[in-house]
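Below: one structure, written as C-alpha cells.
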Amino acid sequence: MKKQIVTIFTLLCFLITAVQAQDKSSLLWKIEGDNIQTSYIFGTIHMMPQKDFSMPQKVKDAFESTDEIYLELDMDSPEMMREMMQEMMMGEQDLLSNHVDSTEYKLLDSYLKENVGMGFAQFNKFKPLYMSSTIMSSFMGKQVASYEMTFIGMAKAAKKELKGLETVNDQMSVFDSIPYEEQLDDLVEMLDDPEETKELYGKMVAKYKSENIDSLYNFTLKSFDNDEKMIDALLLNRNKNWVKKIPEISKDKKVIYAVGAGHLGGKKGVIQLLKDEGYTVTPVLN
C-alpha cells in the first residue's frame with residue numbers, strides 16, 4: 001500500500017473491513033453533553049472526482065442547525081493561501097532535486113510534463129507535498145470536487161463564520177516531520193504503477209460512500225504499513241488535540257466540524273475520544 005495516497009488527502013484514510021454494526025455506519029455524528037451546545041462532526045474526503053461527489057441532505061440539515069463551521073484549516077481566510085505557499089517553500093539553501101536520484105528525477109519530470117504541463121524544475125523550490133498534491137489531482141481528471149470548498153460556499157451563502165481547528169503551520173509541521181526522501185520515494189512508487197494507484201483510490205471512494213468509519217480507520221493503518229511514528233503524527237496526535245478544542249469551541253455555540261474521515265474511527269479516533277470524555281456521540285443515519 002502507498003502511504004503517500006493517504007498523506008496527500010490530508011488524512012481522509014478510508015476502508016477495508018466488511019460493514020460492521022449499524023450504529024457505526026455514518027460519516028455524520030451528533031455530539032451532546034452537559035457543558036456543550038449540540039454540535040456535529042462530519043468525515044470528509046478532501047478531493048474526489050466530481051462524478052462521485054454529493055453533499056448528503058443530513059449534512060445540509062446539520063449545517064443549517066448550527067452557528068459556525070470548523071474545518072481542519074480556516075480555508076476562507078485571506079491569509080491562508082499566502083501562509084500555505086510560504087510554508088510550502090523549501091529552505092533557501094535547498095532544492096527538491098537534492099532529494100531524488102537521476103532516475104527518480106526523470107520519472108517525475110516526464111510524468112509532470114505529460115500530465116500537468118510543467119516539469120520538475122517548476123516544483124524545485126517547493127516541498128514534496130506541493131508536487132504530490134498536483135500529481136494526485138491529475139489522477140482524478142479535470143472535474144474535481146471538494147467538501148471543504150463546498151462548505152466554504154455554504155458558509156458564505158448563509159453568512160456563517162468558518163474557522164479552523166489547526167493553523168497552516170500546525171498542519172505543515174506534520175508533513176515536515178516525514179523525511180522528504182521518504183515522501184518522494186512513495187510518490188515515485190505510485191508513478192511506477194499508476195493503474196494500481198487509480199484502482200486503490202477508486203476503492204477509497206467506494207468505501208467512503210459506505211460510511212463505515214472503522215473500515216476507513218483500518219485502511220488508514222494498513223496504508224501506513226502500521227508505522228507507529230507516522231500514525232501518531234498524522235492521525236492520533238491530531239485527534240487528541242482536536243478533542244481538547246471541541247468542548248471549548250462548542251461551549252457557547254452550535255458547531256459542525258468537518259475533518260478527514262480517517263480521523264473518526266478506531267479506539268483512538270475522535271468519536272471514541274469524545275465518548276471517553278463523557279460526551280454522548282451518536283450517528284446520524286439517513
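Residues in the C-alpha cells are numbered from 1 in each chain, the chains being A, B, ... in the order shown, and ligands are numbered from 1 in the order shown.
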
Listing only residues of region 62-139 of chain A within 8 Å of region 250-268 of chain A, what is the closest atom pair and its distance in Å (to one decimal) for each, using only C-alpha atoms, sorted by chain and residue number ascending, as JSON lines?
{"residue": "A:Ala62", "atom": "CA", "partner": "A:Ile256", "partner_atom": "CA", "distance": 7.1}
{"residue": "A:Phe63", "atom": "CA", "partner": "A:Ile256", "partner_atom": "CA", "distance": 6.2}
{"residue": "A:Ser65", "atom": "CA", "partner": "A:Lys254", "partner_atom": "CA", "distance": 7.7}
{"residue": "A:Thr66", "atom": "CA", "partner": "A:Lys254", "partner_atom": "CA", "distance": 4.7}
{"residue": "A:Asp67", "atom": "CA", "partner": "A:Lys254", "partner_atom": "CA", "distance": 5.2}
{"residue": "A:Glu68", "atom": "CA", "partner": "A:Val255", "partner_atom": "CA", "distance": 4.9}
{"residue": "A:Ile69", "atom": "CA", "partner": "A:Ile256", "partner_atom": "CA", "distance": 4.9}
{"residue": "A:Tyr70", "atom": "CA", "partner": "A:Tyr257", "partner_atom": "CA", "distance": 4.7}
{"residue": "A:Leu71", "atom": "CA", "partner": "A:Ala258", "partner_atom": "CA", "distance": 5.0}
{"residue": "A:Glu72", "atom": "CA", "partner": "A:Val259", "partner_atom": "CA", "distance": 5.7}

Considering only C-alpha atoms, return as a VMD selection string whatever protein or nucleic-acid residues lie within 10 Å of Met131 (chain A), sequence-local ones (same chain, fewer than 3 positions apart) excluded.
-> chain A and resid 8 96 108 112 120 122 to 124 126 to 128 134 to 137 184 187

For Glu248 (chain A), which residue out of A:Lys159, A:Leu165, A:Lys60, A:Asp94 is the nearest one, using only C-alpha atoms?
-> A:Leu165

List every residue of region 96-172 of chain A that DSSP, applied to the backbone of this structure, places in strand (DSSP E), and write the result as a list in words.
-> Val144, Ala145, Glu161, Leu162, Lys163 and Gly164 of chain A

Export of the given selection (all heavy atoms) as a compact mmCIF listing (two decimals), in the first residue's frame:
# COMPACT_ATOMS: atom_id res chain seq x y z
N VAL A 144 -12.84 17.98 -10.49
CA VAL A 144 -12.54 17.56 -9.13
C VAL A 144 -13.42 18.34 -8.15
O VAL A 144 -13.60 19.55 -8.29
CB VAL A 144 -11.05 17.79 -8.78
CG1 VAL A 144 -10.76 17.37 -7.35
CG2 VAL A 144 -10.16 17.02 -9.75
N ALA A 145 -13.98 17.64 -7.16
CA ALA A 145 -14.84 18.27 -6.16
C ALA A 145 -14.18 18.20 -4.79
O ALA A 145 -13.30 17.38 -4.55
CB ALA A 145 -16.20 17.58 -6.13
N GLU A 161 -19.83 32.00 10.18
CA GLU A 161 -18.39 32.05 10.40
C GLU A 161 -17.77 30.69 10.11
O GLU A 161 -18.30 29.64 10.50
CB GLU A 161 -18.09 32.43 11.85
CG GLU A 161 -16.64 32.74 12.14
CD GLU A 161 -16.22 34.10 11.66
OE1 GLU A 161 -17.10 34.96 11.45
OE2 GLU A 161 -15.01 34.32 11.50
N LEU A 162 -16.64 30.69 9.39
CA LEU A 162 -15.89 29.47 9.11
C LEU A 162 -14.50 29.62 9.74
O LEU A 162 -13.83 30.62 9.50
CB LEU A 162 -15.80 29.22 7.61
CG LEU A 162 -15.15 27.88 7.19
CD1 LEU A 162 -15.79 27.37 5.91
CD2 LEU A 162 -13.65 28.01 7.00
N LYS A 163 -14.09 28.61 10.52
CA LYS A 163 -12.81 28.68 11.21
C LYS A 163 -12.06 27.36 11.06
O LYS A 163 -12.55 26.43 10.43
CB LYS A 163 -13.02 29.02 12.69
CG LYS A 163 -13.68 30.37 12.92
CD LYS A 163 -13.88 30.66 14.40
CE LYS A 163 -14.54 32.02 14.62
NZ LYS A 163 -14.77 32.28 16.07
N GLY A 164 -10.87 27.28 11.66
CA GLY A 164 -10.05 26.08 11.54
C GLY A 164 -9.62 25.52 12.89
O GLY A 164 -9.35 26.28 13.82

From A:Thr280, A:Thr167, A:Ser77, A:Asn212, residue lying nearest Ser26 (chain A) [only C-alpha atoms] | A:Asn212

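Note that CA of Met149 (chain A) and CA of Gly117 (chain A) are 24.5 Å apart.
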
Residue list (helix (DSSP H, G or I), DSSP) for region 40-138 of chain A, as a PyMOL selection string = chain A and resi 50-52+57-65+80-88+96-99+102-115+120-123+128-138

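With CA of Tyr40 (chain A) on one side and CA of Leu28 (chain A) on the other, the separation reads 6.9 Å.
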
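Once region 175-182 of chain A and its same-chain neighbours fewer than 4 positions away are set aside, His99, Val100, Pro128 and Asp186 of chain A remain within 7 Å of it when counting only C-alpha atoms.
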
Work out how far CA of Met75 (chain A) is from CA of His46 (chain A), in Å to one decimal.
-> 12.4 Å

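For the residues A:Ile249, A:Val270, A:Val168, A:Met190, ranking by smallest atom-to-atom distance to Met85 (chain A) using only C-alpha atoms places A:Val168 first.
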
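The protein and nucleic acid residues lying at most 6 Å from Lys125 (chain A) are Met89, Met90 and Leu95 of chain A, with only C-alpha atoms considered and sequence neighbours fewer than 6 positions away removed.
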
Min atom-atom distance to Asp170 (chain A) from the set A:Thr220, A:Gln143, A:Gln183, A:Asn241, counting only C-alpha atoms, belongs to A:Asn241

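Of the listed residues (A:Ser223, A:Ser39, A:Gln57, A:Asn286), A:Asn286 comes nearest to Glu211 (chain A); the distances count only C-alpha atoms.
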
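Of the listed residues (A:Glu104, A:Asp61, A:Asp52, A:Glu32), A:Glu104 comes nearest to Asp192 (chain A); the distances count only C-alpha atoms.
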
Could you name the residues that touch Glu277 (chain A) at 10 Å or less, counting only C-alpha atoms, but leaving out those on the same chain fewer than 6 positions away, as a PyMOL selection string?
-> chain A and resi 33+243-244+247
